file my_file_3.cif (mmCIF, C-alpha atoms and all ligand atoms)
data_structure
#
loop_
_atom_site.label_atom_id
_atom_site.label_comp_id
_atom_site.auth_asym_id
_atom_site.auth_seq_id
_atom_site.Cartn_x
_atom_site.Cartn_y
_atom_site.Cartn_z
CA MET A 1 22.15 102.12 -39.00
CA THR A 2 24.23 98.96 -38.84
CA SER A 3 27.30 98.37 -36.63
CA THR A 4 29.94 100.75 -37.94
CA GLN A 5 32.99 99.38 -39.75
CA ARG A 6 35.05 100.27 -36.63
CA GLN A 7 32.67 98.34 -34.36
CA VAL A 8 32.79 95.32 -36.66
CA GLU A 9 36.59 95.50 -36.65
CA VAL A 10 36.60 95.43 -32.81
CA SER A 11 34.75 92.11 -33.02
CA TYR A 12 36.90 90.39 -35.63
CA ASP A 13 40.27 92.12 -35.86
CA VAL A 14 41.88 90.98 -32.59
CA GLY A 15 44.03 89.05 -35.03
CA ASN A 16 43.57 86.14 -37.38
CA ASP A 17 46.26 84.16 -35.49
CA PHE A 18 44.25 84.51 -32.27
CA PHE A 19 41.06 83.05 -33.75
CA ARG A 20 43.07 80.32 -35.50
CA LEU A 21 44.00 78.93 -32.09
CA TRP A 22 40.47 77.96 -31.14
CA LEU A 23 38.11 77.99 -34.15
CA ASP A 24 37.94 74.97 -36.47
CA GLU A 25 40.63 74.76 -39.13
CA ASN A 26 38.32 76.37 -41.72
CA MET A 27 37.57 79.42 -39.48
CA HIS A 28 33.78 79.25 -39.19
CA TYR A 29 32.87 81.77 -36.46
CA THR A 30 29.23 80.69 -36.16
CA CYS A 31 27.10 77.82 -34.85
CA ALA A 32 28.05 74.37 -36.19
CA VAL A 33 25.38 71.74 -36.89
CA TYR A 34 26.06 68.43 -35.14
CA ASP A 35 24.58 65.19 -36.43
CA GLY A 36 25.42 62.56 -33.80
CA GLU A 37 29.03 62.32 -32.66
CA MET A 38 31.04 64.80 -34.71
CA SER A 39 34.22 66.82 -34.26
CA LEU A 40 33.91 70.62 -34.47
CA GLU A 41 35.47 70.42 -37.95
CA GLU A 42 32.89 67.87 -39.14
CA ALA A 43 29.99 69.82 -37.61
CA GLN A 44 31.10 73.07 -39.27
CA GLU A 45 31.38 71.32 -42.63
CA ASN A 46 27.90 69.90 -41.98
CA LYS A 47 26.54 73.41 -41.26
CA ALA A 48 27.96 74.63 -44.59
CA ARG A 49 26.38 71.61 -46.33
CA VAL A 50 22.94 72.42 -44.84
CA LEU A 51 23.11 76.05 -46.01
CA TYR A 52 24.46 75.14 -49.47
CA ASP A 53 21.51 72.75 -49.83
CA PHE A 54 18.99 75.31 -48.48
CA ALA A 55 20.27 77.84 -51.04
CA GLU A 56 20.03 75.13 -53.74
CA VAL A 57 23.51 75.98 -55.03
CA THR A 58 24.67 73.91 -58.00
CA PRO A 59 27.89 74.03 -60.11
CA GLU A 60 26.05 76.28 -62.63
CA LYS A 61 24.96 78.91 -60.07
CA THR A 62 26.49 82.01 -58.51
CA VAL A 63 26.10 82.35 -54.74
CA CYS A 64 26.59 85.43 -52.58
CA ASP A 65 27.52 85.06 -48.88
CA ILE A 66 26.55 88.23 -47.02
CA GLY A 67 28.89 88.71 -44.01
CA CYS A 68 31.37 86.11 -45.25
CA GLY A 69 33.83 86.25 -42.32
CA TRP A 70 37.07 84.44 -43.11
CA GLY A 71 35.52 82.87 -46.22
CA SER A 72 34.67 79.50 -44.67
CA PHE A 73 31.40 79.09 -46.58
CA LEU A 74 32.97 80.38 -49.82
CA ASP A 75 35.63 77.69 -49.42
CA TYR A 76 32.94 75.03 -49.01
CA ALA A 77 30.89 76.33 -51.95
CA VAL A 78 33.77 76.32 -54.43
CA ARG A 79 34.91 72.86 -53.28
CA ARG A 80 31.43 71.38 -53.63
CA GLY A 81 30.67 73.28 -56.84
CA CYS A 82 29.41 76.70 -57.92
CA LYS A 83 29.97 78.98 -60.89
CA GLU A 84 31.17 81.80 -58.65
CA ALA A 85 31.06 82.52 -54.89
CA ILE A 86 31.00 86.18 -53.85
CA GLY A 87 31.60 87.20 -50.25
CA VAL A 88 30.61 90.59 -48.81
CA THR A 89 32.20 91.65 -45.51
CA LEU A 90 32.98 94.77 -43.48
CA SER A 91 36.12 93.40 -41.83
CA THR A 92 39.39 94.09 -43.66
CA GLU A 93 41.38 91.65 -41.48
CA GLN A 94 38.95 88.84 -42.31
CA ALA A 95 38.89 89.77 -46.00
CA GLU A 96 42.70 89.53 -46.19
CA TRP A 97 42.58 86.05 -44.73
CA ALA A 98 39.79 85.03 -47.10
CA LEU A 99 41.80 86.35 -50.08
CA GLY A 100 44.82 84.37 -48.84
CA ARG A 101 42.89 81.15 -49.48
CA LYS A 102 43.27 81.93 -53.20
CA LEU A 103 39.96 80.27 -53.93
CA LYS A 104 39.24 79.64 -57.59
CA ASN A 105 35.93 81.23 -58.67
CA ALA A 106 35.58 83.29 -55.49
CA ARG A 107 35.55 87.05 -54.99
CA ILE A 108 35.57 89.13 -51.79
CA VAL A 109 34.00 92.58 -51.62
CA ILE A 110 34.80 94.78 -48.58
CA GLU A 111 31.57 96.74 -48.46
CA ASP A 112 28.49 97.32 -46.36
CA TYR A 113 25.74 95.05 -47.72
CA ALA A 114 23.49 98.14 -47.54
CA VAL A 115 25.39 99.79 -50.42
CA HIS A 116 26.45 96.65 -52.32
CA VAL A 117 24.92 96.38 -55.80
CA PRO A 118 25.40 93.07 -57.66
CA VAL A 119 26.88 93.40 -61.15
CA ARG A 120 24.44 90.67 -62.22
CA LYS A 121 21.70 89.08 -60.10
CA TYR A 122 22.89 86.17 -57.96
CA ASP A 123 21.33 82.73 -58.30
CA ALA A 124 21.49 81.91 -54.58
CA LEU A 125 22.14 83.64 -51.23
CA VAL A 126 23.65 82.59 -47.92
CA SER A 127 24.08 84.72 -44.78
CA ILE A 128 25.38 83.25 -41.54
CA GLU A 129 24.96 85.24 -38.32
CA MET A 130 25.52 88.66 -39.80
CA ILE A 131 22.04 90.11 -39.11
CA ASP A 132 22.97 90.62 -35.42
CA HIS A 133 25.11 93.58 -36.56
CA LEU A 134 22.18 95.48 -38.07
CA CYS A 135 20.08 96.80 -35.20
CA SER A 136 21.61 98.53 -32.17
CA PRO A 137 20.15 98.10 -28.67
CA ALA A 138 19.06 101.77 -28.79
CA GLN A 139 17.17 101.20 -32.07
CA ALA A 140 15.52 98.10 -30.63
CA ARG A 141 14.38 100.13 -27.61
CA GLU A 142 12.79 102.59 -30.07
CA GLY A 143 10.83 99.66 -31.55
CA ARG A 144 12.70 99.74 -34.90
CA ALA A 145 14.09 96.18 -35.02
CA VAL A 146 11.50 94.65 -37.38
CA GLU A 147 11.70 97.62 -39.78
CA ILE A 148 15.53 97.33 -39.88
CA TYR A 149 15.51 93.55 -40.45
CA LYS A 150 12.81 94.01 -43.09
CA GLY A 151 15.11 96.50 -44.86
CA TYR A 152 17.77 93.74 -45.01
CA PHE A 153 15.44 91.02 -46.37
CA ASP A 154 13.85 93.46 -48.86
CA ARG A 155 17.24 94.61 -50.13
CA LEU A 156 18.47 91.03 -50.60
CA ALA A 157 15.24 90.22 -52.47
CA THR A 158 16.34 92.68 -55.19
CA TRP A 159 19.61 90.74 -55.67
CA VAL A 160 17.92 87.58 -57.02
CA GLU A 161 15.17 86.46 -59.40
CA PRO A 162 11.89 84.86 -58.19
CA GLY A 163 12.46 81.20 -57.25
CA ALA A 164 16.00 81.77 -55.94
CA CYS A 165 16.73 80.27 -52.52
CA PHE A 166 18.43 81.74 -49.47
CA GLY A 167 20.17 79.77 -46.68
CA PHE A 168 19.91 82.08 -43.67
CA GLN A 169 21.27 81.58 -40.14
CA ALA A 170 20.94 83.86 -37.11
CA ILE A 171 21.87 83.86 -33.46
CA LEU A 172 18.82 84.72 -31.33
CA ARG A 173 17.98 86.28 -28.01
CA ASN A 174 15.33 84.29 -26.18
CA ARG A 175 14.73 84.67 -22.44
CA ILE A 176 15.96 87.47 -20.19
CA PRO A 177 18.10 86.31 -17.23
CA ARG A 178 16.63 86.74 -13.75
CA ASN A 179 19.97 87.14 -11.98
CA ARG A 180 22.40 90.05 -11.97
CA LYS A 181 25.56 88.11 -12.93
CA ASP A 182 24.06 86.65 -16.09
CA LEU A 183 22.60 90.07 -17.03
CA GLU A 184 26.01 91.70 -16.55
CA ASP A 185 27.86 88.99 -18.48
CA LEU A 186 25.45 89.26 -21.43
CA ALA A 187 25.77 93.07 -21.38
CA PHE A 188 29.59 92.69 -21.32
CA THR A 189 29.45 90.39 -24.37
CA ALA A 190 27.27 92.86 -26.25
CA ASP A 191 29.22 95.98 -25.26
CA VAL A 192 32.82 94.75 -25.35
CA ILE A 193 32.97 91.82 -27.78
CA PHE A 194 30.22 92.77 -30.26
CA PRO A 195 29.68 96.55 -29.83
CA GLY A 196 26.78 98.07 -31.71
CA GLY A 197 25.00 94.77 -32.32
CA LEU A 198 22.02 92.93 -30.90
CA ASN A 199 20.73 89.41 -31.44
CA PRO A 200 17.24 89.41 -32.99
CA ARG A 201 14.23 87.62 -31.51
CA ILE A 202 12.71 84.81 -33.60
CA GLU A 203 9.35 86.59 -33.86
CA GLU A 204 11.07 89.76 -35.16
CA LEU A 205 12.72 87.72 -37.92
CA VAL A 206 9.48 86.01 -38.92
CA LEU A 207 7.68 89.38 -39.08
CA ALA A 208 10.54 90.95 -41.06
CA ILE A 209 10.68 88.09 -43.58
CA GLY A 210 6.89 88.43 -44.01
CA ASN A 211 5.34 86.57 -46.91
CA GLN A 212 5.46 89.10 -49.75
CA LYS A 213 9.05 88.73 -50.97
CA TRP A 214 10.32 85.61 -49.22
CA GLU A 215 8.54 82.38 -48.41
CA ILE A 216 9.76 80.37 -45.40
CA LEU A 217 10.20 76.77 -46.57
CA GLU A 218 12.07 75.37 -43.56
CA MET A 219 13.07 76.51 -40.08
CA HIS A 220 15.43 74.64 -37.73
CA MET A 221 16.26 75.70 -34.17
CA ARG A 222 19.95 75.11 -33.29
CA ARG A 223 20.27 76.32 -29.68
CA GLU A 224 21.86 73.10 -28.38
CA HIS A 225 24.24 73.01 -31.36
CA TYR A 226 25.51 76.48 -30.48
CA GLY A 227 25.98 75.40 -26.85
CA LYS A 228 28.19 72.55 -28.06
CA THR A 229 30.06 74.81 -30.51
CA THR A 230 30.89 77.50 -27.93
CA ALA A 231 31.87 74.88 -25.32
CA GLU A 232 34.38 73.46 -27.81
CA TRP A 233 35.72 76.97 -28.68
CA LEU A 234 36.19 77.64 -24.95
CA ARG A 235 37.92 74.29 -24.38
CA ARG A 236 40.31 74.92 -27.27
CA MET A 237 41.01 78.51 -26.23
CA LYS A 238 41.91 77.43 -22.68
CA LEU A 239 44.45 74.96 -24.08
CA HIS A 240 46.33 78.03 -25.42
CA GLU A 241 45.99 80.22 -22.31
CA SER A 242 49.72 80.87 -21.80
CA THR A 243 50.32 81.68 -25.50
CA ILE A 244 47.33 84.03 -25.60
CA ARG A 245 48.35 85.84 -22.39
CA ALA A 246 51.94 86.21 -23.67
CA THR A 247 51.00 87.35 -27.18
CA TRP A 248 47.77 89.36 -26.83
CA GLY A 249 47.81 90.15 -23.08
CA ASP A 250 45.77 89.14 -20.03
CA GLN A 251 42.84 91.37 -20.94
CA VAL A 252 42.20 89.56 -24.24
CA PHE A 253 42.33 86.13 -22.60
CA ASP A 254 40.11 87.20 -19.68
CA ASP A 255 37.57 88.95 -21.96
CA TYR A 256 37.27 85.96 -24.30
CA ASP A 257 37.10 83.54 -21.38
CA ARG A 258 34.22 85.57 -19.92
CA TYR A 259 32.46 85.94 -23.30
CA LEU A 260 32.69 82.24 -24.27
CA SER A 261 31.70 81.06 -20.78
CA THR A 262 28.69 83.41 -20.97
CA CYS A 263 27.72 81.90 -24.34
CA VAL A 264 27.90 78.32 -23.00
CA ARG A 265 25.66 79.31 -20.07
CA GLY A 266 23.42 81.46 -22.27
CA PHE A 267 22.58 78.59 -24.62
CA ALA A 268 22.10 76.14 -21.72
CA GLN A 269 19.74 78.58 -19.93
CA HIS A 270 17.77 79.49 -23.13
CA TYR A 271 18.90 83.13 -22.93
CA CYS A 272 20.20 82.70 -26.49
CA GLY A 273 19.35 80.47 -29.42
CA ASP A 274 20.14 80.00 -33.09
CA VAL A 275 17.99 79.44 -36.16
CA GLN A 276 18.44 78.33 -39.76
CA PHE A 277 15.84 79.18 -42.41
CA LYS A 278 15.44 78.00 -45.97
CA LEU A 279 13.79 80.92 -47.80
CA ARG A 280 12.58 81.16 -51.40
CA ARG A 281 12.09 84.41 -53.34
CA VAL A 282 8.39 84.75 -54.16
C1 LIG A 301 29.85 86.47 -36.83
S1 LIG A 301 30.66 86.92 -38.32
C2 LIG A 301 30.17 85.54 -39.27
C3 LIG A 301 31.13 85.22 -40.35
C4 LIG A 301 30.80 84.03 -41.24
N1 LIG A 301 29.49 84.16 -41.82
C5 LIG A 301 30.97 82.72 -40.51
O1 LIG A 301 30.04 81.90 -40.55
O2 LIG A 301 32.03 82.49 -39.92
C6 LIG A 301 29.69 88.28 -39.03
C7 LIG A 301 30.22 88.82 -40.33
O3 LIG A 301 29.31 89.82 -40.81
C8 LIG A 301 30.08 90.87 -41.39
N2 LIG A 301 29.24 92.09 -41.40
C9 LIG A 301 28.70 92.75 -40.33
N3 LIG A 301 27.96 93.80 -40.74
C10 LIG A 301 28.04 93.82 -42.09
C11 LIG A 301 27.50 94.67 -43.11
N4 LIG A 301 26.73 95.72 -42.80
N5 LIG A 301 27.78 94.39 -44.40
C12 LIG A 301 28.57 93.33 -44.73
N6 LIG A 301 29.11 92.48 -43.81
C13 LIG A 301 28.85 92.72 -42.52
C14 LIG A 301 31.31 90.98 -40.55
O4 LIG A 301 32.34 91.63 -41.24
C15 LIG A 301 31.59 89.48 -40.30
O5 LIG A 301 32.34 88.97 -41.36
#
call {"tool": "encode", "arguments": {"input": "my_file_3.cif", "output": "structure tokens", "more": "lines below"}}
Ligand SMILES: C[S@@+](CC[C@H](N)C(=O)[O-])C[C@H]1O[C@@H](n2cnc3c(N)ncnc32)[C@H](O)[C@@H]1O
result
Amino acid sequence: MTSTQRQVEVSYDVGNDFFRLWLDENMHYTCAVYDGEMSLEEAQENKARVLYDFAEVTPEKTVCDIGCGWGSFLDYAVRRGCKEAIGVTLSTEQAEWALGRKLKNARIVIEDYAVHVPVRKYDALVSIEMIDHLCSPAQAREGRAVEIYKGYFDRLATWVEPGACFGFQAILRNRIPRNRKDLEDLAFTADVIFPGGLNPRIEELVLAIGNQKWEILEMHMRREHYGKTTAEWLRRMKLHESTIRATWGDQVFDDYDRYLSTCVRGFAQHYCGDVQFKLRRV
């Protein structure tokens, strides 16, 4: 069972105007990829470039972005060139924003990926930090994480022909904190900001991908990049503290301050990480 639609909406429907204050102008809500000195905007564009290249998208191909958020990758894909970009998301608030971009050759489907059936097979796939919504902490405790992630990779394998490529990105859980404050802050982030979800471990992903349906062609660890990304989100959010307190209330500011500060510490302390894979359908 994945995060419910309601749980996903808790994570993303605080309000588009709230996230606009501190994300990059294109509304990527995932780890950017820095190459030397870059602004957040440049690093997010660079992340989209990496995944577009991993998926081997070209102007003749269709690409599906599973968990498309506010449509930031779709925007990149249609600007750089694709026949059609299809985004699947569970968040209605995000979908409305994505539709407001009025992207030519893009389509948004508000649907659980687990029931989505492509009209025609896609030529390429991208999915950026959506897999953390698929396995609950309770399911992980029952030892079901690999089986659930395998269900996701197996389902996506039916959406493409052999040879198609998949640019995949996931936030990871690495080490367990040894002190109570960090444990509590990570639990708060999981329970209050992203209810129902759990970050996978790298070894769970590798086991779930297996080697029957997908071949791993490249793997890049991006822990430090996510540290930089979340530090910049936190810096920008704090610049708008009085507006956020006045518009959304003290609780929202305090919760997001705690969550983003926990992320910055979590990446620095190796509690969390991030990975990008280039996969090819066998
Ligand atoms: C952290 S956001 C990432 C958004 C976007 N990929 C980005 O880079 O900004 C995760 C996204 O996954 C979507 N999502 C979560 N569970 C889903 C599911 N079962 N089916 C489709 N989309 C899902 C959410 O609606 C949200 O848009």
call {"tool": "residues_around", "arguments": {"input": "my_file_3.cif", "residues": "stretch 134-150 of chain A", "least_positions_apart": "5", "cutoff": "10 Å", "atoms": "only C-alpha atoms", "output": "number ranges by chain"}}
result
A: 1-4, 114, 155-156, 190-191, 195-201, 203-210
call {"tool": "closest_atom_pairs", "arguments": {"input": "my_file_3.cif", "of": "stretch 94-202 of chain A", "to": "stretch 242-265 of chain A", "cutoff": "7 Å", "atoms": "only C-alpha atoms", "output": "CSV"}}
result
residue,atom,partner,partner_atom,distance
A:Asp185,CA,A:Thr262,CA,6.2
A:Leu186,CA,A:Thr262,CA,6.7
A:Thr189,CA,A:Tyr259,CA,5.5
call {"tool": "closest_atom_pairs", "arguments": {"input": "my_file_3.cif", "of": "chain A", "to": "ligand LIG 301 (chain A)", "cutoff": "6 Å", "atoms": "only C-alpha atoms and all ligand atoms", "output": "Markdown table"}}
result
| residue | atom | partner | partner_atom | distance |
| --- | --- | --- | --- | --- |
| A:Thr2 | CA | A:LIG301 | N4 | 5.7 |
| A:Val8 | CA | A:LIG301 | O4 | 5.9 |
| A:His28 | CA | A:LIG301 | O2 | 3.8 |
| A:Tyr29 | CA | A:LIG301 | O2 | 3.6 |
| A:Thr30 | CA | A:LIG301 | O1 | 4.6 |
| A:Ile66 | CA | A:LIG301 | N6 | 5.9 |
| A:Gly67 | CA | A:LIG301 | O3 | 3.4 |
| A:Cys68 | CA | A:LIG301 | N1 | 4.4 |
| A:Gly69 | CA | A:LIG301 | O5 | 3.2 |
| A:Val88 | CA | A:LIG301 | C12 | 5.3 |
| A:Thr89 | CA | A:LIG301 | N6 | 3.6 |
| A:Leu90 | CA | A:LIG301 | O4 | 3.9 |
| A:Ser91 | CA | A:LIG301 | O4 | 4.2 |
| A:Glu111 | CA | A:LIG301 | C12 | 5.9 |
| A:Asp112 | CA | A:LIG301 | N5 | 3.6 |
| A:Tyr113 | CA | A:LIG301 | N5 | 4.0 |
| A:Ile128 | CA | A:LIG301 | N1 | 4.2 |
| A:Glu129 | CA | A:LIG301 | C1 | 5.3 |
| A:Met130 | CA | A:LIG301 | O3 | 4.1 |
| A:His133 | CA | A:LIG301 | N3 | 5.1 |
call {"tool": "residues_near_point", "arguments": {"input": "my_file_3.cif", "point": "(32.8, 70.5, -35.3)", "cutoff": "12 Å", "atoms": "only C-alpha atoms", "output": "MDAnalysis selection string"}}
result
chainID A and resid 22:48 225:233 236
call {"tool": "closest_residue", "arguments": {"input": "my_file_3.cif", "among": "A:Gln94, A:Gln212, A:Thr58, A:Thr158", "to": "A:Trp70", "atoms": "only C-alpha atoms"}}
result
A:Gln94
call {"tool": "residues_near_point", "arguments": {"input": "my_file_3.cif", "point": "(29.2, 75.7, -60.2)", "cutoff": "8 Å", "atoms": "only C-alpha atoms", "output": "PyMOL selection string"}}
result
chain A and resi 57-62+78+81-84
call {"tool": "residues_around", "arguments": {"input": "my_file_3.cif", "residues": "stretch 85-87 of chain A", "least_positions_apart": "5", "cutoff": "6 Å", "atoms": "all atoms listed in the file", "output": "count of residues only"}}
result
9
call {"tool": "residues_around", "arguments": {"input": "my_file_3.cif", "residues": "A:Arg280", "least_positions_apart": "3", "cutoff": "9 Å", "atoms": "only C-alpha atoms", "output": "PyMOL selection string"}}
result
chain A and resi 55+162-166+213-217
call {"tool": "atom_distance", "arguments": {"input": "my_file_3.cif", "atom1": "atom CA of A:Ser127", "atom2": "atom CA of A:Glu161"}}
result
17.2 Å
call {"tool": "closest_residue", "arguments": {"input": "my_file_3.cif", "among": "A:Ala157, A:Leu21, A:Met221, A:Leu279", "to": "A:Ile171", "atoms": "only C-alpha atoms"}}
result
A:Met221
call {"tool": "build_atoms", "arguments": {"input": "my_file_3.cif", "residues": "stretch 24-47 of chain A", "atoms": "N, CA and C atoms", "output": "compact mmCIF listing (two decimals), keeping the file's coordinate frame"}}
result
# COMPACT_ATOMS: atom_id res chain seq x y z
N ASP A 24 37.60 76.14 -35.66
CA ASP A 24 37.94 74.97 -36.47
C ASP A 24 38.95 75.39 -37.54
N GLU A 25 39.54 74.43 -38.19
CA GLU A 25 40.63 74.76 -39.13
C GLU A 25 40.16 75.61 -40.31
N ASN A 26 38.84 75.60 -40.59
CA ASN A 26 38.32 76.37 -41.72
C ASN A 26 37.81 77.76 -41.31
N MET A 27 37.89 78.08 -40.00
CA MET A 27 37.57 79.42 -39.48
C MET A 27 36.09 79.82 -39.63
N HIS A 28 35.20 78.89 -39.31
CA HIS A 28 33.78 79.25 -39.19
C HIS A 28 33.62 79.90 -37.81
N TYR A 29 33.06 81.12 -37.76
CA TYR A 29 32.87 81.77 -36.46
C TYR A 29 31.37 81.86 -36.15
N THR A 30 30.68 80.74 -36.35
CA THR A 30 29.23 80.69 -36.16
C THR A 30 28.86 79.26 -35.73
N CYS A 31 27.59 79.10 -35.37
CA CYS A 31 27.10 77.82 -34.85
C CYS A 31 27.30 76.67 -35.84
N ALA A 32 27.91 75.59 -35.38
CA ALA A 32 28.05 74.37 -36.19
C ALA A 32 26.77 73.54 -36.06
N VAL A 33 26.56 72.61 -36.97
CA VAL A 33 25.38 71.74 -36.89
C VAL A 33 25.86 70.30 -36.70
N TYR A 34 25.62 69.78 -35.49
CA TYR A 34 26.06 68.43 -35.14
C TYR A 34 25.00 67.41 -35.54
N ASP A 35 25.48 66.30 -36.09
CA ASP A 35 24.58 65.19 -36.43
C ASP A 35 25.21 63.97 -35.78
N GLY A 36 24.79 63.65 -34.56
CA GLY A 36 25.42 62.56 -33.80
C GLY A 36 26.80 63.00 -33.33
N GLU A 37 27.67 62.03 -33.14
CA GLU A 37 29.03 62.32 -32.66
C GLU A 37 29.86 62.92 -33.79
N MET A 38 30.24 64.16 -33.67
CA MET A 38 31.04 64.80 -34.71
C MET A 38 32.10 65.67 -34.06
N SER A 39 33.24 65.83 -34.72
CA SER A 39 34.22 66.82 -34.26
C SER A 39 33.69 68.20 -34.64
N LEU A 40 34.30 69.25 -34.09
CA LEU A 40 33.91 70.62 -34.47
C LEU A 40 34.10 70.80 -35.99
N GLU A 41 35.19 70.28 -36.51
CA GLU A 41 35.47 70.42 -37.95
C GLU A 41 34.34 69.79 -38.78
N GLU A 42 33.95 68.56 -38.38
CA GLU A 42 32.89 67.87 -39.14
C GLU A 42 31.56 68.61 -39.02
N ALA A 43 31.27 69.13 -37.81
CA ALA A 43 29.99 69.82 -37.61
C ALA A 43 29.95 71.15 -38.36
N GLN A 44 31.08 71.82 -38.49
CA GLN A 44 31.10 73.07 -39.27
C GLN A 44 30.92 72.77 -40.76
N GLU A 45 31.55 71.72 -41.23
CA GLU A 45 31.38 71.32 -42.63
C GLU A 45 29.90 70.94 -42.87
N ASN A 46 29.31 70.30 -41.87
CA ASN A 46 27.90 69.90 -41.98
C ASN A 46 26.99 71.13 -42.02
N LYS A 47 27.31 72.15 -41.23
CA LYS A 47 26.54 73.41 -41.26
C LYS A 47 26.59 74.03 -42.67
